[in-house]
$ cat protein.pdb   # PDB, C-alpha atoms
ATOM      1  CA  MET N 153      32.610  40.828 100.438  1.00  0.00           C
ATOM      2  CA  ASN N 154      34.597  41.620 103.573  1.00  0.00           C
ATOM      3  CA  GLU N 155      34.001  45.095 104.897  1.00  0.00           C
ATOM      4  CA  ILE N 156      37.077  46.740 106.406  1.00  0.00           C
ATOM      5  CA  LYS N 157      36.487  47.803 109.989  1.00  0.00           C
ATOM      6  CA  PRO N 158      37.671  51.286 110.913  1.00  0.00           C
ATOM      7  CA  TYR N 159      39.631  50.081 113.978  1.00  0.00           C
ATOM      8  CA  ASP N 160      41.355  46.729 113.553  1.00  0.00           C
ATOM      9  CA  ILE N 161      44.818  46.420 115.117  1.00  0.00           C
ATOM     10  CA  ARG N 162      46.312  42.912 115.119  1.00  0.00           C
ATOM     11  CA  ILE N 163      49.244  41.912 117.265  1.00  0.00           C
ATOM     12  CA  SER N 164      51.549  38.924 116.889  1.00  0.00           C
ATOM     13  CA  VAL N 165      54.303  37.853 119.271  1.00  0.00           C
ATOM     14  CA  LYS N 166      57.449  35.719 119.130  1.00  0.00           C
ATOM     15  CA  THR N 167      59.362  34.915 122.318  1.00  0.00           C
ATOM     16  CA  GLU N 168      62.889  33.716 123.027  1.00  0.00           C
ATOM     17  CA  PHE N 169      64.587  32.556 126.225  1.00  0.00           C
ATOM     18  CA  LEU N 170      67.908  34.354 126.773  1.00  0.00           C
ATOM     19  CA  PRO N 171      70.259  31.956 128.614  1.00  0.00           C
ATOM     20  CA  SER N 172      73.170  34.415 128.516  1.00  0.00           C
ATOM     21  CA  GLU N 173      71.096  37.028 130.399  1.00  0.00           C
ATOM     22  CA  SER N 174      69.499  34.542 132.810  1.00  0.00           C
ATOM     23  CA  ASP N 175      70.815  33.299 136.160  1.00  0.00           C
ATOM     24  CA  ILE N 176      68.930  30.095 136.918  1.00  0.00           C
ATOM     25  CA  ASP N 177      70.681  29.555 140.289  1.00  0.00           C
ATOM     26  CA  ASN N 178      69.256  32.909 141.425  1.00  0.00           C
ATOM     27  CA  GLU N 179      65.803  32.426 139.840  1.00  0.00           C
ATOM     28  CA  ARG N 180      66.345  35.007 137.114  1.00  0.00           C
ATOM     29  CA  TYR N 181      64.813  33.943 133.788  1.00  0.00           C
ATOM     30  CA  VAL N 182      65.106  36.512 131.010  1.00  0.00           C
ATOM     31  CA  PHE N 183      63.030  36.475 127.843  1.00  0.00           C
ATOM     32  CA  ALA N 184      62.989  38.596 124.703  1.00  0.00           C
ATOM     33  CA  TYR N 185      59.741  39.173 122.878  1.00  0.00           C
ATOM     34  CA  THR N 186      59.253  40.577 119.400  1.00  0.00           C
ATOM     35  CA  ILE N 187      55.936  42.263 118.773  1.00  0.00           C
ATOM     36  CA  SER N 188      54.397  43.081 115.394  1.00  0.00           C
ATOM     37  CA  VAL N 189      51.535  45.566 115.386  1.00  0.00           C
ATOM     38  CA  GLU N 190      49.544  45.670 112.140  1.00  0.00           C
ATOM     39  CA  ASN N 191      46.751  48.048 111.190  1.00  0.00           C
ATOM     40  CA  HIS N 192      44.063  46.152 109.272  1.00  0.00           C
ATOM     41  CA  GLY N 193      41.530  48.924 109.845  1.00  0.00           C
ATOM     42  CA  SER N 194      40.572  51.777 107.535  1.00  0.00           C
ATOM     43  CA  GLN N 195      41.531  54.459 110.087  1.00  0.00           C
ATOM     44  CA  PRO N 196      45.175  55.373 110.712  1.00  0.00           C
ATOM     45  CA  ALA N 197      45.937  54.938 114.409  1.00  0.00           C
ATOM     46  CA  LYS N 198      48.707  55.921 116.802  1.00  0.00           C
ATOM     47  CA  LEU N 199      49.962  53.783 119.676  1.00  0.00           C
ATOM     48  CA  LEU N 200      49.864  56.036 122.752  1.00  0.00           C
ATOM     49  CA  SER N 201      50.742  53.708 125.637  1.00  0.00           C
ATOM     50  CA  ARG N 202      51.122  50.129 126.803  1.00  0.00           C
ATOM     51  CA  HIS N 203      49.863  48.030 129.693  1.00  0.00           C
ATOM     52  CA  TRP N 204      51.476  44.646 130.379  1.00  0.00           C
ATOM     53  CA  ILE N 205      50.549  41.994 132.934  1.00  0.00           C
ATOM     54  CA  ILE N 206      53.426  39.553 133.469  1.00  0.00           C
ATOM     55  CA  THR N 207      52.761  36.453 135.583  1.00  0.00           C
ATOM     56  CA  ASP N 208      55.251  33.793 136.668  1.00  0.00           C
ATOM     57  CA  ALA N 209      54.505  30.161 137.588  1.00  0.00           C
ATOM     58  CA  GLU N 210      54.120  31.140 141.275  1.00  0.00           C
ATOM     59  CA  SER N 211      51.317  33.586 140.315  1.00  0.00           C
ATOM     60  CA  ARG N 212      53.504  36.613 141.074  1.00  0.00           C
ATOM     61  CA  VAL N 213      52.280  39.479 138.899  1.00  0.00           C
ATOM     62  CA  GLN N 214      54.175  42.469 137.536  1.00  0.00           C
ATOM     63  CA  GLU N 215      52.260  45.275 135.870  1.00  0.00           C
ATOM     64  CA  VAL N 216      54.043  47.578 133.458  1.00  0.00           C
ATOM     65  CA  LYS N 217      52.439  50.756 132.135  1.00  0.00           C
ATOM     66  CA  GLY N 218      54.100  53.422 130.077  1.00  0.00           C
ATOM     67  CA  LYS N 219      54.014  55.815 127.195  1.00  0.00           C
ATOM     68  CA  GLY N 220      54.599  54.275 123.771  1.00  0.00           C
ATOM     69  CA  VAL N 221      56.895  51.315 123.109  1.00  0.00           C
ATOM     70  CA  ILE N 222      60.704  51.465 123.092  1.00  0.00           C
ATOM     71  CA  GLY N 223      60.478  55.261 123.221  1.00  0.00           C
ATOM     72  CA  GLU N 224      58.231  55.516 120.179  1.00  0.00           C
ATOM     73  CA  GLN N 225      54.551  56.167 119.496  1.00  0.00           C
ATOM     74  CA  PRO N 226      54.143  54.759 115.993  1.00  0.00           C
ATOM     75  CA  ARG N 227      51.285  55.910 113.761  1.00  0.00           C
ATOM     76  CA  LEU N 228      50.125  53.201 111.391  1.00  0.00           C
ATOM     77  CA  LYS N 229      48.091  53.730 108.255  1.00  0.00           C
ATOM     78  CA  GLN N 230      45.920  50.944 106.842  1.00  0.00           C
ATOM     79  CA  GLY N 231      48.164  48.014 105.909  1.00  0.00           C
ATOM     80  CA  GLU N 232      51.217  49.317 107.785  1.00  0.00           C
ATOM     81  CA  SER N 233      52.989  47.459 110.566  1.00  0.00           C
ATOM     82  CA  PHE N 234      55.530  48.230 113.273  1.00  0.00           C
ATOM     83  CA  SER N 235      57.780  45.679 114.972  1.00  0.00           C
ATOM     84  CA  TYR N 236      60.036  45.928 117.978  1.00  0.00           C
ATOM     85  CA  THR N 237      61.875  43.701 120.419  1.00  0.00           C
ATOM     86  CA  SER N 238      61.939  44.137 124.180  1.00  0.00           C
ATOM     87  CA  GLY N 239      62.442  41.891 127.180  1.00  0.00           C
ATOM     88  CA  THR N 240      61.285  40.868 130.617  1.00  0.00           C
ATOM     89  CA  MET N 241      62.565  38.927 133.611  1.00  0.00           C
ATOM     90  CA  ILE N 242      60.592  36.504 135.770  1.00  0.00           C
ATOM     91  CA  GLU N 243      61.549  34.283 138.721  1.00  0.00           C
ATOM     92  CA  THR N 244      60.357  30.955 137.267  1.00  0.00           C
ATOM     93  CA  PRO N 245      61.249  29.090 134.046  1.00  0.00           C
ATOM     94  CA  VAL N 246      57.658  29.427 132.778  1.00  0.00           C
ATOM     95  CA  GLY N 247      55.295  32.373 132.818  1.00  0.00           C
ATOM     96  CA  SER N 248      52.964  34.418 130.673  1.00  0.00           C
ATOM     97  CA  MET N 249      52.350  37.929 129.432  1.00  0.00           C
ATOM     98  CA  GLN N 250      49.259  39.715 128.201  1.00  0.00           C
ATOM     99  CA  GLY N 251      48.104  43.269 127.910  1.00  0.00           C
ATOM    100  CA  SER N 252      46.955  46.043 125.645  1.00  0.00           C
ATOM    101  CA  TYR N 253      48.055  49.055 123.667  1.00  0.00           C
ATOM    102  CA  GLN N 254      46.045  52.219 124.078  1.00  0.00           C
ATOM    103  CA  MET N 255      45.452  53.620 120.594  1.00  0.00           C
ATOM    104  CA  VAL N 256      43.956  56.782 119.107  1.00  0.00           C
ATOM    105  CA  ALA N 257      42.685  56.901 115.544  1.00  0.00           C
ATOM    106  CA  ASP N 258      42.995  59.943 113.300  1.00  0.00           C
ATOM    107  CA  ASP N 259      39.285  60.627 113.936  1.00  0.00           C
ATOM    108  CA  GLU N 260      40.207  60.920 117.667  1.00  0.00           C
ATOM    109  CA  TYR N 261      38.442  57.658 118.617  1.00  0.00           C
ATOM    110  CA  LYS N 262      40.375  55.992 121.453  1.00  0.00           C
ATOM    111  CA  PHE N 263      40.453  52.209 121.793  1.00  0.00           C
ATOM    112  CA  ASP N 264      42.514  49.368 123.220  1.00  0.00           C
ATOM    113  CA  ALA N 265      44.333  46.866 121.017  1.00  0.00           C
ATOM    114  CA  ILE N 266      44.318  43.655 123.059  1.00  0.00           C
ATOM    115  CA  ILE N 267      47.457  41.539 123.332  1.00  0.00           C
ATOM    116  CA  ALA N 268      46.312  37.952 123.899  1.00  0.00           C
ATOM    117  CA  PRO N 269      48.137  35.930 126.568  1.00  0.00           C
ATOM    118  CA  PHE N 270      51.366  34.326 125.407  1.00  0.00           C
ATOM    119  CA  THR N 271      53.782  31.941 127.103  1.00  0.00           C
ATOM    120  CA  LEU N 272      57.303  32.597 128.305  1.00  0.00           C
ATOM    121  CA  ALA N 273      59.085  29.258 128.678  1.00  0.00           C
ATOM    122  CA  MET N 274      62.638  28.045 128.984  1.00  0.00           C
ATOM    123  CA  PRO N 275      63.241  25.359 126.308  1.00  0.00           C
ATOM    124  CA  GLY N 276      62.307  21.860 127.473  1.00  0.00           C
ATOM    125  CA  MET N 277      59.913  23.091 130.163  1.00  0.00           C
ATOM    126  CA  LEU N 278      56.702  22.523 128.184  1.00  0.00           C
ATOM    127  CA  HIS N 279      55.689  19.517 126.095  1.00  0.00           C
TER     128      HIS N 279
END
$ encode --input "protein.pdb" --output "structure tokens"
Amino acid sequence: MNEIKPYDIRISVKTEFLPSESDIDNERYVFAYTISVENHGSQPAKLLSRHWIITDAESRVQEVKGKGVIGEQPRLKQGESFSYTSGTMIETPVGSMQGSYQMVADDEYKFDAIIAPFTLAMPGMLH
């Protein structure tokens, strides 16, 4: 029997290179990413803020912190999910992103939902 944890937020990511927004001659590589946030825990939880670490192939790092995501602070009950699409720009054709969402459960417990590192890559750049 699997016991449901009170705080279990799972995050999945899909990325897409945007050639129409990019300017390769000027080292501008633009990517869209679609995030799905799912609450597998027993406690409803609200996404308060985000913290992203974006790294390009030259090890240049951008940090992004802010309230909510796309202007929202979704509250997810057990089994609910929230998806959104956003974007980022880096100066190399390959890079990575990782981070966390700062969450608060209905019982006022605060925790981070970790976003595992994922790759940003122009098609054909990785095998």
$ residues_near_point --input "protein.pdb" --point "(48.7, 47.2, 115.4)" --cutoff "9 Å" --atoms "only C-alpha atoms" --output "ChimeraX atom specification"
/N:160-164,188-192,197-199,228,232-234,253,255,265
$ atom_distance --input "protein.pdb" --atom1 "CA of Gln225 in chain N" --atom2 "CA of Leu200 in chain N"
5.7 Å
$ atom_distance --input "protein.pdb" --atom1 "CA of Gln214 in chain N" --atom2 "CA of Glu168 in chain N"
19.1 Å
$ closest_residue --input "protein.pdb" --among "N:Pro196, N:Pro158, N:Gly251, N:Ile176" --to "Pro226 in chain N" --atoms "all atoms listed in the file"
N:Pro196
$ closest_residue --input "protein.pdb" --among "N:Pro275, N:Lys229, N:Gly218, N:Val213" --to "Leu170 in chain N" --atoms "all atoms listed in the file"
N:Pro275
$ closest_residue --input "protein.pdb" --among "N:Ile267, N:Met241, N:Met274, N:Ile156" --to "Glu173 in chain N" --atoms "only C-alpha atoms"
N:Met241
$ decode --input "protein.pdb" --residues "range 222-252 of chain N" --atoms "N, CA and C atoms" --output "tab-separated table (two decimals), in the first residue's frame"
chain	number	residue	atom	x	y	z
N	222	ILE	N	3.84	33.42	-14.54
N	222	ILE	CA	3.01	34.14	-15.52
N	222	ILE	C	1.89	34.96	-14.86
N	223	GLY	N	2.25	35.63	-13.76
N	223	GLY	CA	1.28	36.49	-13.08
N	223	GLY	C	0.27	35.76	-12.21
N	224	GLU	N	0.45	34.49	-12.02
N	224	GLU	CA	-0.49	33.70	-11.22
N	224	GLU	C	0.21	33.00	-10.06
N	225	GLN	N	-0.57	32.70	-9.03
N	225	GLN	CA	-0.10	31.90	-7.90
N	225	GLN	C	-1.12	30.77	-7.70
N	226	PRO	N	-1.01	29.74	-8.56
N	226	PRO	CA	-2.03	28.69	-8.52
N	226	PRO	C	-2.02	27.88	-7.22
N	227	ARG	N	-3.23	27.55	-6.75
N	227	ARG	CA	-3.41	26.66	-5.60
N	227	ARG	C	-3.92	25.34	-6.15
N	228	LEU	N	-3.20	24.28	-5.82
N	228	LEU	CA	-3.53	22.96	-6.36
N	228	LEU	C	-3.96	22.01	-5.25
N	229	LYS	N	-5.14	21.44	-5.41
N	229	LYS	CA	-5.59	20.39	-4.51
N	229	LYS	C	-4.96	19.07	-4.96
N	230	GLN	N	-5.08	18.04	-4.12
N	230	GLN	CA	-4.56	16.73	-4.47
N	230	GLN	C	-5.11	16.31	-5.83
N	231	GLY	N	-4.20	15.89	-6.72
N	231	GLY	CA	-4.60	15.42	-8.04
N	231	GLY	C	-4.73	16.51	-9.10
N	232	GLU	N	-4.68	17.77	-8.69
N	232	GLU	CA	-4.81	18.86	-9.66
N	232	GLU	C	-3.45	19.21	-10.26
N	233	SER	N	-3.51	19.82	-11.45
N	233	SER	CA	-2.27	20.25	-12.10
N	233	SER	C	-2.49	21.63	-12.71
N	234	PHE	N	-1.39	22.30	-12.99
N	234	PHE	CA	-1.38	23.62	-13.60
N	234	PHE	C	-0.25	23.63	-14.62
N	235	SER	N	-0.54	24.09	-15.82
N	235	SER	CA	0.48	24.15	-16.87
N	235	SER	C	0.56	25.57	-17.42
N	236	TYR	N	1.77	25.94	-17.81
N	236	TYR	CA	1.97	27.24	-18.44
N	236	TYR	C	3.18	27.17	-19.35
N	237	THR	N	3.26	28.12	-20.27
N	237	THR	CA	4.40	28.22	-21.17
N	237	THR	C	5.04	29.58	-20.99
N	238	SER	N	6.37	29.58	-20.94
N	238	SER	CA	7.14	30.81	-20.84
N	238	SER	C	8.36	30.66	-21.74
N	239	GLY	N	9.31	31.57	-21.63
N	239	GLY	CA	10.48	31.47	-22.49
N	239	GLY	C	11.71	32.08	-21.86
N	240	THR	N	12.84	31.80	-22.50
N	240	THR	CA	14.12	32.36	-22.06
N	240	THR	C	15.03	32.52	-23.27
N	241	MET	N	16.04	33.35	-23.10
N	241	MET	CA	17.03	33.59	-24.15
N	241	MET	C	18.42	33.35	-23.56
N	242	ILE	N	19.25	32.61	-24.32
N	242	ILE	CA	20.64	32.42	-23.94
N	242	ILE	C	21.53	32.77	-25.14
N	243	GLU	N	22.84	32.84	-24.91
N	243	GLU	CA	23.77	33.29	-25.94
N	243	GLU	C	24.49	32.15	-26.66
N	244	THR	N	24.10	30.90	-26.36
N	244	THR	CA	24.70	29.73	-27.01
N	244	THR	C	23.57	28.80	-27.46
N	245	PRO	N	23.84	27.92	-28.44
N	245	PRO	CA	22.78	27.04	-28.93
N	245	PRO	C	22.37	25.94	-27.97
N	246	VAL	N	23.14	25.75	-26.90
N	246	VAL	CA	22.83	24.73	-25.89
N	246	VAL	C	22.99	25.36	-24.51
N	247	GLY	N	22.10	24.99	-23.62
N	247	GLY	CA	22.19	25.45	-22.24
N	247	GLY	C	21.31	24.59	-21.36
N	248	SER	N	21.11	25.05	-20.13
N	248	SER	CA	20.25	24.29	-19.22
N	248	SER	C	19.54	25.24	-18.27
N	249	MET	N	18.47	24.72	-17.70
N	249	MET	CA	17.71	25.44	-16.67
N	249	MET	C	17.42	24.48	-15.53
N	250	GLN	N	17.32	25.04	-14.34
N	250	GLN	CA	16.90	24.30	-13.17
N	250	GLN	C	16.39	25.32	-12.15
N	251	GLY	N	15.75	24.83	-11.12
N	251	GLY	CA	15.27	25.78	-10.13
N	251	GLY	C	14.33	25.17	-9.13
N	252	SER	N	13.43	26.05	-8.62
N	252	SER	CA	12.47	25.59	-7.63
N	252	SER	C	11.29	26.55	-7.58
